[in-house]
Amino acid sequence: MRKLLAAIVMTAAMSSAVFAEDTVFADFEGNDYGAWKTSGTAFGDGPAHGTLPNQMTVSGYKGRGLVNSYRGGDNSVGVLTSPEFQIAKPYINFLIGGGGHNDTVMELLVEGKAMRSARGENVNPGGSEVLRPEFWDVSELNGKKAVIRITDRHTGGWGHINVDHIVFSDSPATRFTDCTRAVTVDASKPYLWVPIKNGGEKFRVELFDGSKPIHYFDAELATTADADWQGTLNLAPYAGKNLRITVKKYPEDGTGFAAISMNAAPYSTPQDYRETRRAQFHFQPRHGWNNDPNGLCFFKGEWHLFFQYNPYGRNWGNMHWGHAVSKDLVHWRELDVALYQDESGMMFSGSAAIDRNNTAGFGNNAQVLIYTATGGGSTQCLAYSLDGRNYTKYAGNPVVGNITAGNRDPKIFWHQPSGQWVLVLYINQDGYHTIGIFNSPNLKDWTRTGTIRGDKSGQGNFLYECPDLFELPVDGGPETRWVVFGASGAYAVGTFDGKTFTAEAERLPAYADAVAYYAAQSFSDAPDGRRILVPWMHLEGEASFNQGMGLPQELGLKRTAAGIRLTHTPARELAKLRDGDAVPFENFSGELVEAIVDCRIRDGETVGFKFRGIPVSYDSKTGTLAADSVRVTWPITDGQLKLTVYLDRVGMEIFSADGLNCLPLAKVAPNPANVKIETENAAGMIENRNRAYRLNRIW
């Protein structure tokens, strides 16, 4: 800890001190706790420097350090006790956050008795890791000797406490208060707009129908009139009702709360879909954050793309299921949120399938969604729709209860040979990443029948999160194999009988570089039997949006000298984006690019290209492809280099013609002024058939 004041140094030596002026008693800026004493493991050997591993983002503290008892997670316990001091000012001000439990508490002890106490406010999943101002009026204790004790004895959810900036003062800190107002939902203005200030303090917003809570979320709600954008909530189901909106612990002088408004449509601006860093042929939501694709399925003539979604911020949080549809797998129309977080917690990842035989009783050909709810541990729940627009959560949820502290991301499909539903579920069990296999006749009653084990936790990511399992023909013929993979894309090839997966080869890399893609999922019920994959792609956005999806890819299996391997080929529908015929590279001019590299390279030569200034080269000596700052192994046959390159305003994807190699690059952003394709060392090429298409935007 930083040297505090002479009074505190005297406290450590003399066990008491008298403060003659307002002072900072503890700011927790150092590498240790100084004269404070610790026991247990929760507080570690010194202050935390912000957010700890696996913790939600912590904010609201001052400087770089704070007390944070999340060391080792919510199950750790401990006590942190200050040196003794003499109360000489009427107020003790501090910042506090974390769990609102009786045993995650900060106390003022006088003669060993707790005279004052304070705790965080969070006890439920989806809470916020914000430290907020609080104070104790200690005027009646003037002259008494005291200590401050910070205790964490809670081992469940939100079992930690955060404290910072303890100050002895002549005046109290400005507390935040709960702000409330009523709104009447007009059917002609069903959308609630919430002013967001990026990087601002998070506040819990709650909506009530009478005394019944109907929705909650955490948002960086603007406290002044300078909001960056507006989050949107559809309240159409409550048309005609009088609802109550409450913002917890909001500054009393804040003006952003008053700016929450009802509007006829979701928030939009003239710049939407045309922003400088907006992808023009990759899907990105209009506003907010997205990550994992969810519930991919073809239903009633449309491709349905659901996705992990935060409508109220450009960073992870408030997990809903966003929703978009497409008639052609290329042009997407974003719809209202399909699944809102509720009393069961946030809506984590999952999948969808069409119940053609009405096994669940939701209706003929119902579209059934299955998702992980985070409340009360991780449980698996159902929702369904008959029209692809309105979704009803099953009253009997959950259909699979909590198994371990880490089980999530259910994928369902109908297994025709055994006449039953199959569910594959990520389960962190016995120290390993595993995929549990479950069977059901009706999507509601599940029995576990098998396990696929991946890497040991902490030693690898094979089969970590977001599993998928499906069957594909080998080389397009009658022979088939099953493929299983997790979020990293590393996969196994083998056989599956409805209960047991037997691997023939595993831990096979899906992409040449796995940094840009994550948590890919394949579509169910595709009309032509194809297996189409969409990955989450880390496309950085702007003020009101962030992240996106990779291009849709058709999957296949190809027999190679090394064995049967998975192939990724750009979906044929992408050809609809082409604006005119292909032209040689030297004649190309355009912002959005589909480039076909088709040439033979002379032995020992390196050839290169600059796609709107982004370098891509192939070294025939080492058999490696370099793109931007990434270099990967990229085998070719007989010197034939055949690539398909897609370049957007942000993001680039490179596919080999045989589908065995795929290189995604998310951080690429070409100079808007550069619309050319250049070739380097053209003399190193033979039979140059390189050409490129200018592409249209999808918005």
# chains A, B, ... in the order shown; residues from 1 in each chain; ligands from 1
>>> residues_around(residues="region 213-215 of chain A", least_positions_apart="4", cutoff="9 Å", atoms="only C-alpha atoms", output="PyMOL selection string")
chain A and resi 205-209+340-343
>>> select_by_dssp(residues="region 90-203 of chain A", states="strand (DSSP E)", output="PDB file with C-alpha atoms, in the first residue's frame")
ATOM      1  CA  TYR A  91     -18.249  10.682   8.679  1.00  0.00           C
ATOM      2  CA  ILE A  92     -16.454   7.694   7.214  1.00  0.00           C
ATOM      3  CA  ASN A  93     -16.959   7.662   3.444  1.00  0.00           C
ATOM      4  CA  PHE A  94     -16.104   4.724   1.182  1.00  0.00           C
ATOM      5  CA  LEU A  95     -16.886   2.896  -2.049  1.00  0.00           C
ATOM      6  CA  ILE A  96     -18.449  -0.555  -1.809  1.00  0.00           C
ATOM      7  CA  GLY A  97     -19.795  -3.254  -4.123  1.00  0.00           C
ATOM      8  CA  GLY A  98     -20.117  -7.016  -4.499  1.00  0.00           C
ATOM      9  CA  THR A 104     -20.039 -10.305   2.710  1.00  0.00           C
ATOM     10  CA  VAL A 105     -19.855  -7.220   4.881  1.00  0.00           C
ATOM     11  CA  MET A 106     -17.730  -4.254   5.949  1.00  0.00           C
ATOM     12  CA  GLU A 107     -18.079  -3.352   9.635  1.00  0.00           C
ATOM     13  CA  LEU A 108     -16.915  -0.643  12.037  1.00  0.00           C
ATOM     14  CA  LEU A 109     -15.908  -2.321  15.321  1.00  0.00           C
ATOM     15  CA  VAL A 110     -15.683  -0.454  18.624  1.00  0.00           C
ATOM     16  CA  LYS A 113     -18.736  -4.756  18.736  1.00  0.00           C
ATOM     17  CA  ALA A 114     -20.065  -3.951  15.252  1.00  0.00           C
ATOM     18  CA  MET A 115     -21.429  -0.392  15.442  1.00  0.00           C
ATOM     19  CA  ARG A 116     -21.892   0.183  11.687  1.00  0.00           C
ATOM     20  CA  SER A 117     -22.043  -2.139   8.670  1.00  0.00           C
ATOM     21  CA  ALA A 118     -22.373  -1.977   4.888  1.00  0.00           C
ATOM     22  CA  ARG A 132     -20.856   2.951  -5.259  1.00  0.00           C
ATOM     23  CA  PRO A 133     -20.450   5.715  -2.647  1.00  0.00           C
ATOM     24  CA  GLU A 134     -21.617   5.025   0.903  1.00  0.00           C
ATOM     25  CA  PHE A 135     -20.973   6.596   4.309  1.00  0.00           C
ATOM     26  CA  TRP A 136     -21.324   6.018   8.025  1.00  0.00           C
ATOM     27  CA  ASP A 137     -22.351   8.818  10.363  1.00  0.00           C
ATOM     28  CA  LYS A 145     -10.988   3.721  19.171  1.00  0.00           C
ATOM     29  CA  ALA A 146     -12.131   1.523  16.289  1.00  0.00           C
ATOM     30  CA  VAL A 147     -11.107  -0.856  13.522  1.00  0.00           C
ATOM     31  CA  ILE A 148     -12.682  -1.626  10.169  1.00  0.00           C
ATOM     32  CA  ARG A 149     -13.231  -5.309   9.371  1.00  0.00           C
ATOM     33  CA  ILE A 150     -14.062  -6.530   5.861  1.00  0.00           C
ATOM     34  CA  THR A 151     -15.428 -10.074   5.869  1.00  0.00           C
ATOM     35  CA  ASP A 152     -16.199 -12.617   3.151  1.00  0.00           C
ATOM     36  CA  ILE A 161     -17.056  -7.973  -1.507  1.00  0.00           C
ATOM     37  CA  ASN A 162     -15.307  -4.981  -3.106  1.00  0.00           C
ATOM     38  CA  VAL A 163     -14.160  -1.919  -1.136  1.00  0.00           C
ATOM     39  CA  ASP A 164     -12.066   1.153  -1.948  1.00  0.00           C
ATOM     40  CA  HIS A 165     -11.187   4.713  -0.921  1.00  0.00           C
ATOM     41  CA  ILE A 166     -12.013   4.847   2.791  1.00  0.00           C
ATOM     42  CA  VAL A 167     -12.015   8.520   3.855  1.00  0.00           C
ATOM     43  CA  PHE A 168     -12.478  10.270   7.211  1.00  0.00           C
ATOM     44  CA  SER A 169     -14.451  13.425   6.441  1.00  0.00           C
ATOM     45  CA  PHE A 176     -26.888   7.295  -5.035  1.00  0.00           C
ATOM     46  CA  THR A 177     -30.622   6.755  -4.734  1.00  0.00           C
ATOM     47  CA  ASP A 178     -33.325   4.653  -6.372  1.00  0.00           C
ATOM     48  CA  CYS A 179     -35.159   6.680  -9.036  1.00  0.00           C
ATOM     49  CA  THR A 180     -38.671   5.660 -10.059  1.00  0.00           C
ATOM     50  CA  ARG A 181     -41.185   6.829 -12.604  1.00  0.00           C
ATOM     51  CA  ALA A 182     -44.304   5.480 -14.281  1.00  0.00           C
ATOM     52  CA  VAL A 183     -44.860   5.026 -18.016  1.00  0.00           C
ATOM     53  CA  THR A 184     -47.965   4.038 -19.927  1.00  0.00           C
ATOM     54  CA  TYR A 191     -40.242   0.929 -27.741  1.00  0.00           C
ATOM     55  CA  LEU A 192     -38.426   2.145 -24.651  1.00  0.00           C
ATOM     56  CA  TRP A 193     -35.239   4.061 -25.442  1.00  0.00           C
ATOM     57  CA  VAL A 194     -32.528   4.074 -22.777  1.00  0.00           C
ATOM     58  CA  PRO A 195     -29.715   6.681 -23.137  1.00  0.00           C
ATOM     59  CA  ILE A 196     -26.305   4.969 -23.012  1.00  0.00           C
ATOM     60  CA  PHE A 203     -26.882   1.015 -13.186  1.00  0.00           C
TER      61      PHE A 203
END
>>> residues_around(residues="Trp289 (chain A)", least_positions_apart="4", cutoff="9 Å", atoms="only C-alpha atoms", output="PyMOL selection string")
chain A and resi 284-285+308-317+544-548
>>> write_last_selection(atoms="C-alpha atoms", output="CSV table (one decimal), in the first residue's frame")
chain,number,residue,atom,x,y,z
A,284,GLN,CA,-23.7,-7.2,-37.3
A,285,PRO,CA,-26.6,-6.0,-35.2
A,308,GLN,CA,-25.9,-13.6,-27.8
A,309,TYR,CA,-26.9,-10.0,-27.5
A,310,ASN,CA,-26.6,-7.0,-25.2
A,311,PRO,CA,-29.1,-4.4,-26.4
A,312,TYR,CA,-27.9,-1.9,-23.8
A,313,GLY,CA,-24.1,-1.8,-24.2
A,314,ARG,CA,-21.3,-2.3,-26.7
A,315,ASN,CA,-19.6,-4.8,-24.3
A,316,TRP,CA,-20.6,-8.2,-23.0
A,317,GLY,CA,-23.5,-8.4,-20.5
A,544,SER,CA,-23.0,1.9,-30.7
A,545,PHE,CA,-22.2,-1.6,-32.0
A,546,ASN,CA,-19.5,-4.2,-31.5
A,547,GLN,CA,-18.6,-7.7,-33.0
A,548,GLY,CA,-20.2,-9.6,-35.8
>>> residues_around(residues="Ser39 (chain A)", least_positions_apart="3", cutoff="9 Å", atoms="only C-alpha atoms", output="JSON, numbers by chain")
{"A": [42, 43, 44, 77, 78, 79, 80, 81]}
>>> write_last_selection(atoms="N, CA and C atoms", output="compact mmCIF listing (two decimals), in the first residue's frame")
# COMPACT_ATOMS: atom_id res chain seq x y z
N ALA A 42 -9.44 -15.25 0.50
CA ALA A 42 -10.28 -14.43 -0.38
C ALA A 42 -9.64 -13.11 -0.78
N PHE A 43 -8.85 -12.52 0.12
CA PHE A 43 -8.31 -11.19 -0.14
C PHE A 43 -6.90 -11.21 -0.71
N GLY A 44 -6.27 -12.38 -0.74
CA GLY A 44 -4.93 -12.48 -1.26
C GLY A 44 -3.92 -11.75 -0.39
N VAL A 77 -12.96 -17.66 1.07
CA VAL A 77 -13.40 -16.88 2.23
C VAL A 77 -12.19 -16.24 2.89
N GLY A 78 -12.44 -15.21 3.71
CA GLY A 78 -11.35 -14.56 4.41
C GLY A 78 -11.81 -13.31 5.14
N VAL A 79 -10.89 -12.69 5.87
CA VAL A 79 -11.16 -11.48 6.64
C VAL A 79 -9.98 -10.53 6.46
N LEU A 80 -10.28 -9.25 6.31
CA LEU A 80 -9.27 -8.20 6.20
C LEU A 80 -9.59 -7.15 7.27
N THR A 81 -8.62 -6.87 8.17
CA THR A 81 -8.87 -5.99 9.31
C THR A 81 -7.86 -4.84 9.32
>>> select_by_dssp(residues="region 415-607 of chain A", states="helix (DSSP H, G or I)", output="PyMOL selection string")
chain A and resi 572-577+585-587
>>> residues_around(residues="Trp158 (chain A)", least_positions_apart="4", cutoff="7 Å", atoms="only C-alpha atoms", output="PDB file with N, CA and C atoms, in the first residue's frame")
ATOM      1  N   ASP A  74     -15.954 -17.180  -6.095  1.00  0.00           N
ATOM      2  CA  ASP A  74     -16.899 -16.907  -5.016  1.00  0.00           C
ATOM      3  C   ASP A  74     -16.803 -17.883  -3.852  1.00  0.00           C
ATOM      4  N   GLY A  98     -20.175  -5.569  -4.697  1.00  0.00           N
ATOM      5  CA  GLY A  98     -20.117  -7.016  -4.499  1.00  0.00           C
ATOM      6  C   GLY A  98     -21.406  -7.555  -3.926  1.00  0.00           C
ATOM      7  N   GLY A  99     -21.308  -8.672  -3.227  1.00  0.00           N
ATOM      8  CA  GLY A  99     -22.494  -9.384  -2.762  1.00  0.00           C
ATOM      9  C   GLY A  99     -23.226  -8.675  -1.634  1.00  0.00           C
ATOM     10  N   ASN A 122     -25.616  -6.868  -4.627  1.00  0.00           N
ATOM     11  CA  ASN A 122     -25.911  -7.924  -5.588  1.00  0.00           C
ATOM     12  C   ASN A 122     -26.030  -9.281  -4.912  1.00  0.00           C
ATOM     13  N   VAL A 123     -27.108  -9.975  -5.219  1.00  0.00           N
ATOM     14  CA  VAL A 123     -27.308 -11.335  -4.713  1.00  0.00           C
ATOM     15  C   VAL A 123     -27.768 -12.277  -5.812  1.00  0.00           C
TER      16      VAL A 123
END
>>> closest_residue(among="A:Lys37, A:Arg286, A:Lys249, A:His154", to="Ser76 (chain A)", atoms="only C-alpha atoms")
A:His154
